[in-house]
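**Student:** Below: one structure in C-alpha cells.
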Amino acid sequence: AAADECFAGIGVPYPPGPPCEQGQPKVNDAYVWGLAKAGRRLWFGTGANVLCLKPATYEVRQPILNEDYTCEYGESQPAKENPALPPTLGDHRPPEIYVYDLATRRLTDRTGDLTGADAALLRDTAGLRAGTAHRGVVFLAGPSLVSGVNMFAFDAITGRYLGATKLTAYENIRHFTVAAGVLYAGVGVGVNGGQGGRVLRWTGDRTHPFRFVEVGELPTQAADLAFHNGRLYVTTWPEAVLEENAIGAGPTTNAAGRRATTIDEPGGSDGLAAVWMSPPLAQGAPGLNPEDARGWKQVWHTGMYEPDPVVARTYALGGLASYKGQLYWGTMHVPLQATALHSAVYRPSTPAAIRDTLLNTQRASALFRGRFLGTGHQRVELLYGAAELPAFDPTAAGGAGAWSATPTGYTPLFGASGFGNRFNAYTWKMAVTDGRLWIGTMDWTYLAGTNLNPDPAEYGGDLWVFNSDDEPATAIDTRGLGNYLNQGVRNMVADGDTLYLGIANPFNLRTDPTDDVPEGGWELLRVAPAR
C-alpha cells in the first residue's frame, strides 16, 4: 500500500500530498480484505484504518497517537465535516479496488471506474471484505456504514465494470466459495449479524450479476465456507462477538449486562460460534436450493471445548478447509473481548479480581479437525489447543467467585494453542494447494504492549503448512513474512503450487523507508516453491 494522506496532528486539517511538505505521510489502506483470482489477474478490495473502526456500542474516550498509528475518531476531518458520522467511524476512508496482472506484474487502481451513485455506494462501504471470481464475474463486497451489504461486479474476461448493488436484507459478508460448480456466499442479518446468518446461492450471470437466493438459514452470522464430502460447511460468528478490528472494545448491546446462558439450557448453543453442515448437494435439484434453507445441521460448537460459558460466547470461528478427507477449522478471539464481556457479566471490583479476569479470559487460537460429521460416528480431534482452560465459578469463595483449571475434554495432538504463541488469536484463513494445507494466523503480539510481556521475537502473523495429515504443521514464517508489522494473513488464493496472500497491516504512520522499522499498510504476497 502507498501513503495516501498527510498527517500533521490529531484534529489538524490534512496538508496537501503526498508528497508531504507539511506533516508526515500516512497510509490509510490497511487490509487486502477481499481477494479473487480470475485468469492471470488478481482482483482485490481494501479496508482502511480497520484498527480504528469500532462498533457503535464502543465508547470512544480520546484519540490515539503513537509512533505506529493514529486513530482520530471524532477529531478526524471526515467526522468534523459530517457531524452525523459517529466518532467510532471517524477514521473511515473509502475502500480501493485493484487489479494485479500476474503476467506483467502491473498493479492497476480500478476505483475510478465507479462514478455517480456507484462511487457514492463505495464511499458508503466500510471495506471490501469479501471477493470471488466465478463464471466470468468478479465480485467484491462489504458491509455498508449504515445498513446493507454493498456489492460491486466486474467482467472477469474483459475487465469491464458491470455495476453495483446494495443487498438490503443483510448486514455483513466475509467470504464466498464455489462448491460443485456453484457460487455461495455467507452473510449476516441484523446489526453486525446479531440476528442470524444466511447462505446465499448465486443464480445470476454476466448480464444480471446480482441475483441470489437464500439456501441456508443459521442462528448466527456466517463466516467462512468450504465444500467437503458432498456438502457445504460453514463456520459462524456468535451473537456476542464484535468486529475483528475491535481491539479492547466493550461488549455488544445484546450481550452487555446480562448473564450468558450455558450450553445446557434450552437453546443455549444457538448464540455460540459453530460449524454447520448443509444437506447433500446432490440431494434433489443440483446444489443447494431454497427448500434446503432450514435443513442445515449444527455439528460442533465452541461450548464443546471452552469450559467457561461466558468466554465461550466470545469465540468466533474462522478459516476452514477440506483436507485429505477431514474438515479442518480454527477459532478466532478478538483481543480482550472476552475480558470485556466477562467483566460486564460478573463485574470484578477489586484490583486482584480485575487482574485475574484479564489473565484468565485470554485465549489463543485452537485448531480442530473432524470426520464423519453429523453422524453417530462423528470424531473431532484437537490438533493445537489446551487440555485445560481457566473457568470461573461465581459461587466459589463464598460467592466472590474464583477461577480454576477445567478440562476441555480434548488432548491436543500436536501442540499448544496458537501454534505455541499465546498472541496468535485468529486462525484467519486456510487453503489447500499441491497436496498441502496452509494456515494463516493473526498475531497481536506487537499490539499487546509491554503490560502483557510480549516476546518481540514473535511479532508478526504466521504462515503454517501441513504437509500431511499425520504430522505436525511446519512453520513457513512466524514473523510477518518479511515485515513484523504484518498482523496476519487475511486472505489466501491457491493457484497450482503457488499461493497468493492478502496481508493485514494497520500501522498507518509507519511510512518512512529510511528508518529501522518496516512499513505499514496492506501487502500482496506470493508464496511459491523453490525452483
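Residues in the C-alpha cells are named by chain (A, B, ... in the order shown) and by number from 1 within that chain; ligands are numbered from 1 in the order shown.
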List as a PDB file with N, CA, C and O atoms, in the first residue's frame the protein and nucleic acid residues near range 359-369 of chain A, meaning an atom at most 8 Å away when only C-alpha atoms are counted, but skip any in the same chain fewer than 6 places from it.
**Tutor:**
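Written out: result.pdb:
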```pdb
ATOM      1  N   VAL A 311     -16.883 -16.916  28.344  1.00  0.00           N
ATOM      2  CA  VAL A 311     -15.799 -16.850  27.367  1.00  0.00           C
ATOM      3  C   VAL A 311     -16.198 -17.566  26.080  1.00  0.00           C
ATOM      4  O   VAL A 311     -15.885 -17.115  24.971  1.00  0.00           O
ATOM      5  N   GLN A 326     -10.856 -34.960   5.732  1.00  0.00           N
ATOM      6  CA  GLN A 326     -11.316 -34.410   7.005  1.00  0.00           C
ATOM      7  C   GLN A 326     -11.533 -32.908   6.861  1.00  0.00           C
ATOM      8  O   GLN A 326     -10.941 -32.246   6.000  1.00  0.00           O
ATOM      9  N   LEU A 327     -12.397 -32.366   7.726  1.00  0.00           N
ATOM     10  CA  LEU A 327     -12.681 -30.938   7.743  1.00  0.00           C
ATOM     11  C   LEU A 327     -11.869 -30.299   8.867  1.00  0.00           C
ATOM     12  O   LEU A 327     -11.902 -30.757  10.009  1.00  0.00           O
ATOM     13  N   TYR A 328     -11.142 -29.251   8.535  1.00  0.00           N
ATOM     14  CA  TYR A 328     -10.308 -28.524   9.498  1.00  0.00           C
ATOM     15  C   TYR A 328     -10.937 -27.155   9.758  1.00  0.00           C
ATOM     16  O   TYR A 328     -11.397 -26.494   8.825  1.00  0.00           O
ATOM     17  N   TRP A 329     -10.935 -26.729  11.010  1.00  0.00           N
ATOM     18  CA  TRP A 329     -11.407 -25.381  11.339  1.00  0.00           C
ATOM     19  C   TRP A 329     -10.663 -24.857  12.563  1.00  0.00           C
ATOM     20  O   TRP A 329     -10.113 -25.614  13.348  1.00  0.00           O
ATOM     21  N   GLY A 330     -10.646 -23.543  12.695  1.00  0.00           N
ATOM     22  CA  GLY A 330      -9.940 -22.911  13.797  1.00  0.00           C
ATOM     23  C   GLY A 330     -10.757 -21.818  14.442  1.00  0.00           C
ATOM     24  O   GLY A 330     -11.726 -21.308  13.874  1.00  0.00           O
ATOM     25  N   THR A 331     -10.345 -21.438  15.645  1.00  0.00           N
ATOM     26  CA  THR A 331     -11.070 -20.422  16.403  1.00  0.00           C
ATOM     27  C   THR A 331     -10.428 -19.055  16.229  1.00  0.00           C
ATOM     28  O   THR A 331      -9.289 -18.911  15.811  1.00  0.00           O
ATOM     29  N   MET A 332     -11.214 -18.030  16.559  1.00  0.00           N
ATOM     30  CA  MET A 332     -10.767 -16.642  16.496  1.00  0.00           C
ATOM     31  C   MET A 332     -11.186 -15.938  17.789  1.00  0.00           C
ATOM     32  O   MET A 332     -12.279 -16.161  18.298  1.00  0.00           O
ATOM     33  N   HIS A 333     -10.297 -15.073  18.276  1.00  0.00           N
ATOM     34  CA  HIS A 333     -10.536 -14.413  19.558  1.00  0.00           C
ATOM     35  C   HIS A 333     -10.174 -12.938  19.446  1.00  0.00           C
ATOM     36  O   HIS A 333      -8.994 -12.583  19.433  1.00  0.00           O
ATOM     37  N   PRO A 335      -9.020  -9.734  20.517  1.00  0.00           N
ATOM     38  CA  PRO A 335      -8.250  -9.474  21.735  1.00  0.00           C
ATOM     39  C   PRO A 335      -9.031  -8.650  22.758  1.00  0.00           C
ATOM     40  O   PRO A 335      -9.628  -7.624  22.434  1.00  0.00           O
ATOM     41  N   LEU A 336      -9.037  -9.163  23.955  1.00  0.00           N
ATOM     42  CA  LEU A 336      -9.627  -8.516  25.140  1.00  0.00           C
ATOM     43  C   LEU A 336     -11.143  -8.488  25.132  1.00  0.00           C
ATOM     44  O   LEU A 336     -11.753  -7.984  26.081  1.00  0.00           O
ATOM     45  N   ALA A 338     -13.220 -11.088  25.412  1.00  0.00           N
ATOM     46  CA  ALA A 338     -13.701 -11.973  26.472  1.00  0.00           C
ATOM     47  C   ALA A 338     -13.551 -11.299  27.831  1.00  0.00           C
ATOM     48  O   ALA A 338     -14.397 -11.474  28.723  1.00  0.00           O
ATOM     49  N   THR A 339     -12.490 -10.529  28.007  1.00  0.00           N
ATOM     50  CA  THR A 339     -12.299  -9.781  29.250  1.00  0.00           C
ATOM     51  C   THR A 339     -13.436  -8.786  29.447  1.00  0.00           C
ATOM     52  O   THR A 339     -14.008  -8.673  30.547  1.00  0.00           O
ATOM     53  N   HIS A 342     -16.787 -10.708  30.141  1.00  0.00           N
ATOM     54  CA  HIS A 342     -16.770 -11.310  31.474  1.00  0.00           C
ATOM     55  C   HIS A 342     -16.915 -10.234  32.543  1.00  0.00           C
ATOM     56  O   HIS A 342     -17.624 -10.414  33.553  1.00  0.00           O
ATOM     57  N   VAL A 380     -14.071 -35.691  16.435  1.00  0.00           N
ATOM     58  CA  VAL A 380     -13.414 -34.394  16.357  1.00  0.00           C
ATOM     59  C   VAL A 380     -12.129 -34.452  17.158  1.00  0.00           C
ATOM     60  O   VAL A 380     -12.126 -34.870  18.324  1.00  0.00           O
ATOM     61  N   GLU A 381     -11.021 -34.052  16.541  1.00  0.00           N
ATOM     62  CA  GLU A 381      -9.721 -34.034  17.194  1.00  0.00           C
ATOM     63  C   GLU A 381      -9.237 -32.603  17.367  1.00  0.00           C
ATOM     64  O   GLU A 381      -9.453 -31.749  16.501  1.00  0.00           O
ATOM     65  N   LEU A 382      -8.588 -32.340  18.477  1.00  0.00           N
ATOM     66  CA  LEU A 382      -7.925 -31.063  18.727  1.00  0.00           C
ATOM     67  C   LEU A 382      -6.462 -31.210  18.304  1.00  0.00           C
ATOM     68  O   LEU A 382      -5.730 -32.021  18.856  1.00  0.00           O
ATOM     69  N   LEU A 383      -6.046 -30.427  17.328  1.00  0.00           N
ATOM     70  CA  LEU A 383      -4.672 -30.504  16.836  1.00  0.00           C
ATOM     71  C   LEU A 383      -3.747 -29.584  17.616  1.00  0.00           C
ATOM     72  O   LEU A 383      -2.665 -29.985  18.044  1.00  0.00           O
ATOM     73  N   TYR A 384      -4.168 -28.335  17.789  1.00  0.00           N
ATOM     74  CA  TYR A 384      -3.433 -27.372  18.610  1.00  0.00           C
ATOM     75  C   TYR A 384      -4.432 -26.715  19.551  1.00  0.00           C
ATOM     76  O   TYR A 384      -5.447 -26.181  19.106  1.00  0.00           O
ATOM     77  N   GLY A 385      -4.146 -26.775  20.851  1.00  0.00           N
ATOM     78  CA  GLY A 385      -5.085 -26.226  21.816  1.00  0.00           C
ATOM     79  C   GLY A 385      -4.660 -26.564  23.229  1.00  0.00           C
ATOM     80  O   GLY A 385      -3.461 -26.708  23.523  1.00  0.00           O
ATOM     81  N   ALA A 386      -5.649 -26.718  24.119  1.00  0.00           N
ATOM     82  CA  ALA A 386      -5.366 -26.925  25.539  1.00  0.00           C
ATOM     83  C   ALA A 386      -6.229 -28.040  26.110  1.00  0.00           C
ATOM     84  O   ALA A 386      -7.416 -28.144  25.782  1.00  0.00           O
ATOM     85  N   PRO A 390      -8.888 -22.038  32.058  1.00  0.00           N
ATOM     86  CA  PRO A 390      -9.498 -21.467  33.259  1.00  0.00           C
ATOM     87  C   PRO A 390     -10.989 -21.215  33.067  1.00  0.00           C
ATOM     88  O   PRO A 390     -11.416 -20.695  32.034  1.00  0.00           O
ATOM     89  N   ALA A 391     -11.776 -21.573  34.065  1.00  0.00           N
ATOM     90  CA  ALA A 391     -13.214 -21.313  34.070  1.00  0.00           C
ATOM     91  C   ALA A 391     -13.582 -20.665  35.394  1.00  0.00           C
ATOM     92  O   ALA A 391     -13.004 -20.984  36.441  1.00  0.00           O
ATOM     93  N   TRP A 403     -11.436 -18.611  39.828  1.00  0.00           N
ATOM     94  CA  TRP A 403     -11.043 -19.292  38.598  1.00  0.00           C
ATOM     95  C   TRP A 403     -10.336 -20.602  38.935  1.00  0.00           C
ATOM     96  O   TRP A 403      -9.599 -20.685  39.911  1.00  0.00           O
ATOM     97  N   SER A 417      -2.108 -24.098  22.050  1.00  0.00           N
ATOM     98  CA  SER A 417      -2.920 -23.108  21.340  1.00  0.00           C
ATOM     99  C   SER A 417      -2.023 -22.094  20.636  1.00  0.00           C
ATOM    100  O   SER A 417      -0.923 -21.777  21.096  1.00  0.00           O
ATOM    101  N   GLY A 418      -2.528 -21.572  19.523  1.00  0.00           N
ATOM    102  CA  GLY A 418      -1.783 -20.556  18.794  1.00  0.00           C
ATOM    103  C   GLY A 418      -0.481 -21.047  18.215  1.00  0.00           C
ATOM    104  O   GLY A 418       0.440 -20.259  18.011  1.00  0.00           O
ATOM    105  N   ASN A 421       2.099 -19.895  20.443  1.00  0.00           N
ATOM    106  CA  ASN A 421       2.222 -18.455  20.668  1.00  0.00           C
ATOM    107  C   ASN A 421       0.895 -17.943  21.218  1.00  0.00           C
ATOM    108  O   ASN A 421      -0.121 -17.967  20.523  1.00  0.00           O
ATOM    109  N   ARG A 422       0.889 -17.451  22.433  1.00  0.00           N
ATOM    110  CA  ARG A 422      -0.358 -17.049  23.095  1.00  0.00           C
ATOM    111  C   ARG A 422      -1.012 -15.836  22.447  1.00  0.00           C
ATOM    112  O   ARG A 422      -2.180 -15.525  22.719  1.00  0.00           O
ATOM    113  N   PHE A 423      -0.293 -15.127  21.581  1.00  0.00           N
ATOM    114  CA  PHE A 423      -0.870 -13.972  20.904  1.00  0.00           C
ATOM    115  C   PHE A 423      -1.363 -14.294  19.499  1.00  0.00           C
ATOM    116  O   PHE A 423      -1.827 -13.400  18.797  1.00  0.00           O
ATOM    117  N   ASN A 424      -1.240 -15.536  19.072  1.00  0.00           N
ATOM    118  CA  ASN A 424      -1.844 -15.954  17.809  1.00  0.00           C
ATOM    119  C   ASN A 424      -3.336 -16.135  18.056  1.00  0.00           C
ATOM    120  O   ASN A 424      -3.789 -17.194  18.488  1.00  0.00           O
ATOM    121  N   ALA A 425      -4.105 -15.099  17.806  1.00  0.00           N
ATOM    122  CA  ALA A 425      -5.506 -15.083  18.213  1.00  0.00           C
ATOM    123  C   ALA A 425      -6.457 -15.636  17.164  1.00  0.00           C
ATOM    124  O   ALA A 425      -7.542 -16.098  17.507  1.00  0.00           O
ATOM    125  N   TYR A 426      -6.089 -15.559  15.889  1.00  0.00           N
ATOM    126  CA  TYR A 426      -7.007 -15.987  14.832  1.00  0.00           C
ATOM    127  C   TYR A 426      -6.392 -17.114  14.012  1.00  0.00           C
ATOM    128  O   TYR A 426      -5.225 -17.040  13.614  1.00  0.00           O
ATOM    129  N   THR A 427      -7.184 -18.127  13.719  1.00  0.00           N
ATOM    130  CA  THR A 427      -6.956 -18.947  12.535  1.00  0.00           C
ATOM    131  C   THR A 427      -7.741 -18.243  11.437  1.00  0.00           C
ATOM    132  O   THR A 427      -8.936 -18.456  11.276  1.00  0.00           O
TER     133      THR A 427
END
```
**Student:** Residues at most 12 Å from Val50 in chain A, counting only C-alpha atoms, excluding those fewer than 5 positions away in the same chain, as a PDB file with N, CA, C and O atoms, in the first residue's frame?
**Tutor:**
```
ATOM      1  N   VAL A  27      -0.551   6.052   5.634  1.00  0.00           N
ATOM      2  CA  VAL A  27      -1.123   5.033   4.755  1.00  0.00           C
ATOM      3  C   VAL A  27      -2.392   4.505   5.411  1.00  0.00           C
ATOM      4  O   VAL A  27      -2.347   3.772   6.401  1.00  0.00           O
ATOM      5  N   ASN A  28      -3.538   4.917   4.891  1.00  0.00           N
ATOM      6  CA  ASN A  28      -4.813   4.523   5.480  1.00  0.00           C
ATOM      7  C   ASN A  28      -5.200   3.086   5.119  1.00  0.00           C
ATOM      8  O   ASN A  28      -5.773   2.379   5.946  1.00  0.00           O
ATOM      9  N   ASP A  29      -4.904   2.662   3.896  1.00  0.00           N
ATOM     10  CA  ASP A  29      -5.291   1.318   3.457  1.00  0.00           C
ATOM     11  C   ASP A  29      -4.536   0.261   4.241  1.00  0.00           C
ATOM     12  O   ASP A  29      -3.306   0.179   4.162  1.00  0.00           O
ATOM     13  N   ALA A  30      -5.275  -0.568   4.976  1.00  0.00           N
ATOM     14  CA  ALA A  30      -4.657  -1.483   5.935  1.00  0.00           C
ATOM     15  C   ALA A  30      -4.765  -2.954   5.556  1.00  0.00           C
ATOM     16  O   ALA A  30      -3.877  -3.738   5.901  1.00  0.00           O
ATOM     17  N   TYR A  31      -5.866  -3.373   4.931  1.00  0.00           N
ATOM     18  CA  TYR A  31      -6.109  -4.792   4.673  1.00  0.00           C
ATOM     19  C   TYR A  31      -6.320  -5.041   3.182  1.00  0.00           C
ATOM     20  O   TYR A  31      -6.999  -4.265   2.508  1.00  0.00           O
ATOM     21  N   VAL A  32      -5.763  -6.145   2.681  1.00  0.00           N
ATOM     22  CA  VAL A  32      -6.308  -6.770   1.486  1.00  0.00           C
ATOM     23  C   VAL A  32      -7.460  -7.616   2.003  1.00  0.00           C
ATOM     24  O   VAL A  32      -7.296  -8.746   2.452  1.00  0.00           O
ATOM     25  N   TRP A  33      -8.672  -7.043   1.952  1.00  0.00           N
ATOM     26  CA  TRP A  33      -9.794  -7.645   2.686  1.00  0.00           C
ATOM     27  C   TRP A  33     -10.581  -8.629   1.817  1.00  0.00           C
ATOM     28  O   TRP A  33     -11.076  -9.632   2.296  1.00  0.00           O
ATOM     29  N   PRO A  55     -17.437  -0.826  16.665  1.00  0.00           N
ATOM     30  CA  PRO A  55     -18.896  -0.942  16.685  1.00  0.00           C
ATOM     31  C   PRO A  55     -19.528   0.283  17.346  1.00  0.00           C
ATOM     32  O   PRO A  55     -18.873   1.016  18.100  1.00  0.00           O
ATOM     33  N   TYR A  69       0.726   4.286  14.839  1.00  0.00           N
ATOM     34  CA  TYR A  69      -0.562   4.561  14.207  1.00  0.00           C
ATOM     35  C   TYR A  69      -1.311   5.638  14.965  1.00  0.00           C
ATOM     36  O   TYR A  69      -1.006   5.965  16.117  1.00  0.00           O
ATOM     37  N   THR A  70      -2.308   6.181  14.291  1.00  0.00           N
ATOM     38  CA  THR A  70      -3.219   7.121  14.929  1.00  0.00           C
ATOM     39  C   THR A  70      -4.656   6.734  14.616  1.00  0.00           C
ATOM     40  O   THR A  70      -4.952   6.235  13.520  1.00  0.00           O
ATOM     41  N   CYS A  71      -5.528   6.923  15.578  1.00  0.00           N
ATOM     42  CA  CYS A  71      -6.976   6.845  15.396  1.00  0.00           C
ATOM     43  C   CYS A  71      -7.533   8.176  15.890  1.00  0.00           C
ATOM     44  O   CYS A  71      -7.503   8.461  17.094  1.00  0.00           O
ATOM     45  N   THR A  88     -16.860   6.619  16.230  1.00  0.00           N
ATOM     46  CA  THR A  88     -16.326   5.277  16.009  1.00  0.00           C
ATOM     47  C   THR A  88     -15.996   5.018  14.543  1.00  0.00           C
ATOM     48  O   THR A  88     -15.267   4.077  14.232  1.00  0.00           O
ATOM     49  N   LEU A  89     -16.537   5.840  13.638  1.00  0.00           N
ATOM     50  CA  LEU A  89     -16.269   5.695  12.208  1.00  0.00           C
ATOM     51  C   LEU A  89     -15.500   6.890  11.651  1.00  0.00           C
ATOM     52  O   LEU A  89     -15.386   7.056  10.441  1.00  0.00           O
ATOM     53  N   GLY A  90     -14.957   7.710  12.543  1.00  0.00           N
ATOM     54  CA  GLY A  90     -14.274   8.914  12.093  1.00  0.00           C
ATOM     55  C   GLY A  90     -13.049   8.650  11.241  1.00  0.00           C
ATOM     56  O   GLY A  90     -12.637   9.513  10.457  1.00  0.00           O
ATOM     57  N   ASP A  91     -12.443   7.480  11.368  1.00  0.00           N
ATOM     58  CA  ASP A  91     -11.235   7.162  10.603  1.00  0.00           C
ATOM     59  C   ASP A  91     -11.532   6.384   9.335  1.00  0.00           C
ATOM     60  O   ASP A  91     -10.608   5.930   8.658  1.00  0.00           O
ATOM     61  N   HIS A  92     -12.809   6.223   9.015  1.00  0.00           N
ATOM     62  CA  HIS A  92     -13.161   5.518   7.788  1.00  0.00           C
ATOM     63  C   HIS A  92     -12.674   6.299   6.568  1.00  0.00           C
ATOM     64  O   HIS A  92     -12.773   7.524   6.501  1.00  0.00           O
ATOM     65  N   ARG A  93     -12.115   5.548   5.636  1.00  0.00           N
ATOM     66  CA  ARG A  93     -11.829   6.056   4.306  1.00  0.00           C
ATOM     67  C   ARG A  93     -12.417   5.062   3.315  1.00  0.00           C
ATOM     68  O   ARG A  93     -12.439   3.850   3.580  1.00  0.00           O
ATOM     69  N   PRO A  94     -12.889   5.504   2.161  1.00  0.00           N
ATOM     70  CA  PRO A  94     -13.473   4.562   1.201  1.00  0.00           C
ATOM     71  C   PRO A  94     -12.462   3.497   0.797  1.00  0.00           C
ATOM     72  O   PRO A  94     -11.268   3.781   0.651  1.00  0.00           O
ATOM     73  N   PRO A  95     -12.914   2.267   0.584  1.00  0.00           N
ATOM     74  CA  PRO A  95     -12.007   1.209   0.122  1.00  0.00           C
ATOM     75  C   PRO A  95     -11.557   1.465  -1.313  1.00  0.00           C
ATOM     76  O   PRO A  95     -12.172   2.240  -2.049  1.00  0.00           O
ATOM     77  N   ALA A 126     -17.861   0.054   4.387  1.00  0.00           N
ATOM     78  CA  ALA A 126     -16.857   0.017   5.450  1.00  0.00           C
ATOM     79  C   ALA A 126     -15.541  -0.543   4.944  1.00  0.00           C
ATOM     80  O   ALA A 126     -14.467  -0.146   5.396  1.00  0.00           O
ATOM     81  N   GLY A 127     -15.601  -1.479   4.034  1.00  0.00           N
ATOM     82  CA  GLY A 127     -14.425  -2.095   3.445  1.00  0.00           C
ATOM     83  C   GLY A 127     -14.887  -3.224   2.551  1.00  0.00           C
ATOM     84  O   GLY A 127     -15.967  -3.782   2.753  1.00  0.00           O
ATOM     85  N   LEU A 128     -14.084  -3.552   1.553  1.00  0.00           N
ATOM     86  CA  LEU A 128     -14.440  -4.643   0.639  1.00  0.00           C
ATOM     87  C   LEU A 128     -13.927  -5.939   1.239  1.00  0.00           C
ATOM     88  O   LEU A 128     -12.812  -6.387   0.963  1.00  0.00           O
ATOM     89  N   ARG A 129     -14.782  -6.561   2.031  1.00  0.00           N
ATOM     90  CA  ARG A 129     -14.385  -7.633   2.944  1.00  0.00           C
ATOM     91  C   ARG A 129     -14.391  -9.015   2.300  1.00  0.00           C
ATOM     92  O   ARG A 129     -13.871  -9.971   2.874  1.00  0.00           O
ATOM     93  N   GLU A 243     -16.566  -6.809  15.981  1.00  0.00           N
ATOM     94  CA  GLU A 243     -15.804  -6.865  14.746  1.00  0.00           C
ATOM     95  C   GLU A 243     -14.370  -7.281  15.027  1.00  0.00           C
ATOM     96  O   GLU A 243     -13.821  -7.028  16.095  1.00  0.00           O
ATOM     97  N   GLU A 244     -13.727  -7.873  14.018  1.00  0.00           N
ATOM     98  CA  GLU A 244     -12.390  -8.396  14.185  1.00  0.00           C
ATOM     99  C   GLU A 244     -11.363  -7.302  14.442  1.00  0.00           C
ATOM    100  O   GLU A 244     -10.260  -7.568  14.889  1.00  0.00           O
ATOM    101  N   ASN A 245     -11.720  -6.043  14.192  1.00  0.00           N
ATOM    102  CA  ASN A 245     -10.802  -4.947  14.430  1.00  0.00           C
ATOM    103  C   ASN A 245     -10.989  -4.309  15.805  1.00  0.00           C
ATOM    104  O   ASN A 245     -10.286  -3.373  16.155  1.00  0.00           O
ATOM    105  N   ALA A 246     -11.924  -4.828  16.622  1.00  0.00           N
ATOM    106  CA  ALA A 246     -12.313  -4.106  17.839  1.00  0.00           C
ATOM    107  C   ALA A 246     -11.393  -4.436  19.001  1.00  0.00           C
ATOM    108  O   ALA A 246     -11.786  -5.059  19.977  1.00  0.00           O
ATOM    109  N   ILE A 247     -10.138  -4.021  18.911  1.00  0.00           N
ATOM    110  CA  ILE A 247      -9.184  -4.269  19.972  1.00  0.00           C
ATOM    111  C   ILE A 247      -9.630  -3.531  21.230  1.00  0.00           C
ATOM    112  O   ILE A 247      -9.761  -2.321  21.260  1.00  0.00           O
ATOM    113  N   GLN A 487       0.208  -7.937  10.565  1.00  0.00           N
ATOM    114  CA  GLN A 487      -0.530  -8.530  11.668  1.00  0.00           C
ATOM    115  C   GLN A 487      -1.023  -9.937  11.348  1.00  0.00           C
ATOM    116  O   GLN A 487      -1.162 -10.761  12.251  1.00  0.00           O
ATOM    117  N   ALA A 504      -2.844  -8.150   6.265  1.00  0.00           N
ATOM    118  CA  ALA A 504      -3.395  -7.067   7.070  1.00  0.00           C
ATOM    119  C   ALA A 504      -2.278  -6.398   7.866  1.00  0.00           C
ATOM    120  O   ALA A 504      -1.516  -7.073   8.560  1.00  0.00           O
ATOM    121  N   ASN A 505      -2.195  -5.085   7.744  1.00  0.00           N
ATOM    122  CA  ASN A 505      -1.174  -4.314   8.465  1.00  0.00           C
ATOM    123  C   ASN A 505      -1.756  -2.937   8.762  1.00  0.00           C
ATOM    124  O   ASN A 505      -1.858  -2.101   7.869  1.00  0.00           O
ATOM    125  N   PRO A 506      -2.144  -2.668  10.032  1.00  0.00           N
ATOM    126  CA  PRO A 506      -2.903  -1.446  10.339  1.00  0.00           C
ATOM    127  C   PRO A 506      -2.062  -0.254  10.782  1.00  0.00           C
ATOM    128  O   PRO A 506      -2.620   0.751  11.224  1.00  0.00           O
ATOM    129  N   PHE A 507      -0.744  -0.327  10.674  1.00  0.00           N
ATOM    130  CA  PHE A 507       0.099   0.704  11.287  1.00  0.00           C
ATOM    131  C   PHE A 507       0.292   1.866  10.315  1.00  0.00           C
ATOM    132  O   PHE A 507       1.261   1.938   9.560  1.00  0.00           O
ATOM    133  N   ASN A 508      -0.638   2.810  10.395  1.00  0.00           N
ATOM    134  CA  ASN A 508      -0.787   3.814   9.333  1.00  0.00           C
ATOM    135  C   ASN A 508       0.255   4.927   9.351  1.00  0.00           C
ATOM    136  O   ASN A 508       0.345   5.694   8.393  1.00  0.00           O
ATOM    137  N   GLY A 521       0.546  -0.695   6.251  1.00  0.00           N
ATOM    138  CA  GLY A 521      -0.333  -0.833   5.094  1.00  0.00           C
ATOM    139  C   GLY A 521      -0.330  -2.238   4.540  1.00  0.00           C
ATOM    140  O   GLY A 521       0.545  -3.054   4.832  1.00  0.00           O
ATOM    141  N   TRP A 522      -1.359  -2.527   3.715  1.00  0.00           N
ATOM    142  CA  TRP A 522      -1.521  -3.887   3.195  1.00  0.00           C
ATOM    143  C   TRP A 522      -0.348  -4.298   2.311  1.00  0.00           C
ATOM    144  O   TRP A 522       0.358  -3.464   1.737  1.00  0.00           O
TER     145      TRP A 522
END
```
**Student:** Which of these residues is nearest to Tyr233 in chain A, using only C-alpha atoms: A:Ala340, A:Leu288, A:Leu162, A:Leu53?
**Tutor:**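 Of the candidates, the smallest distance to Tyr233 in chain A is held by A:Leu288.
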**Student:** List the spatial neighbours of Gln298 in chain A as a PyMOL selection string - criterion: any atom at most 8 Å away, only C-alpha atoms, same-chain residues fewer than 5 positions off excluded.
**Tutor:** chain A and resi 274-277+374
**Student:** Using only N, CA and C atoms, please write the residues we just selected to a file, as a PDB file, in the first residue's frame.
**Tutor:**
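Result saved to again-v6.pdb:
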```
ATOM      1  N   ALA A 274     -20.240 -21.823  15.655  1.00  0.00           N
ATOM      2  CA  ALA A 274     -20.446 -23.239  15.414  1.00  0.00           C
ATOM      3  C   ALA A 274     -20.016 -23.608  13.995  1.00  0.00           C
ATOM      4  N   VAL A 275     -19.955 -24.925  13.772  1.00  0.00           N
ATOM      5  CA  VAL A 275     -19.771 -25.476  12.430  1.00  0.00           C
ATOM      6  C   VAL A 275     -21.109 -26.061  11.998  1.00  0.00           C
ATOM      7  N   TRP A 276     -21.578 -25.629  10.834  1.00  0.00           N
ATOM      8  CA  TRP A 276     -22.871 -26.083  10.315  1.00  0.00           C
ATOM      9  C   TRP A 276     -22.669 -26.862   9.016  1.00  0.00           C
ATOM     10  N   MET A 277     -23.493 -27.868   8.821  1.00  0.00           N
ATOM     11  CA  MET A 277     -23.411 -28.762   7.670  1.00  0.00           C
ATOM     12  C   MET A 277     -24.696 -28.687   6.864  1.00  0.00           C
ATOM     13  N   GLY A 374     -21.761 -35.114  11.799  1.00  0.00           N
ATOM     14  CA  GLY A 374     -23.209 -35.206  11.757  1.00  0.00           C
ATOM     15  C   GLY A 374     -23.756 -36.614  11.825  1.00  0.00           C
TER      16      GLY A 374
END
```
**Student:** Find the residue from A:Ala397, A:Ala169, A:Val99, A:Ala494 that sits nearest to Val213 in chain A; use only C-alpha atoms when measuring.
**Tutor:** A:Ala169
**Student:** Here is a test: counting only C-alpha atoms, which residue of A:Tyr484, A:Tyr410, A:Trp237, A:Phe392 is nearest to Pro348 in chain A?
**Tutor:**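 Result for the nearest residue to Pro348 in chain A: A:Phe392.
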**Student:** Among range 295-385 of chain A, which residues carry a DSSP assignment of strand (DSSP E), reported as a PyMOL selection string?
**Tutor:** chain A and resi 297-301+316-323+326-332+367-371+379-385
**Student:** Which is closest to Glu81 in chain A among A:Thr478, A:Ala179, A:Pro13, A:Leu200, if we use only C-alpha atoms?
**Tutor:** A:Pro13
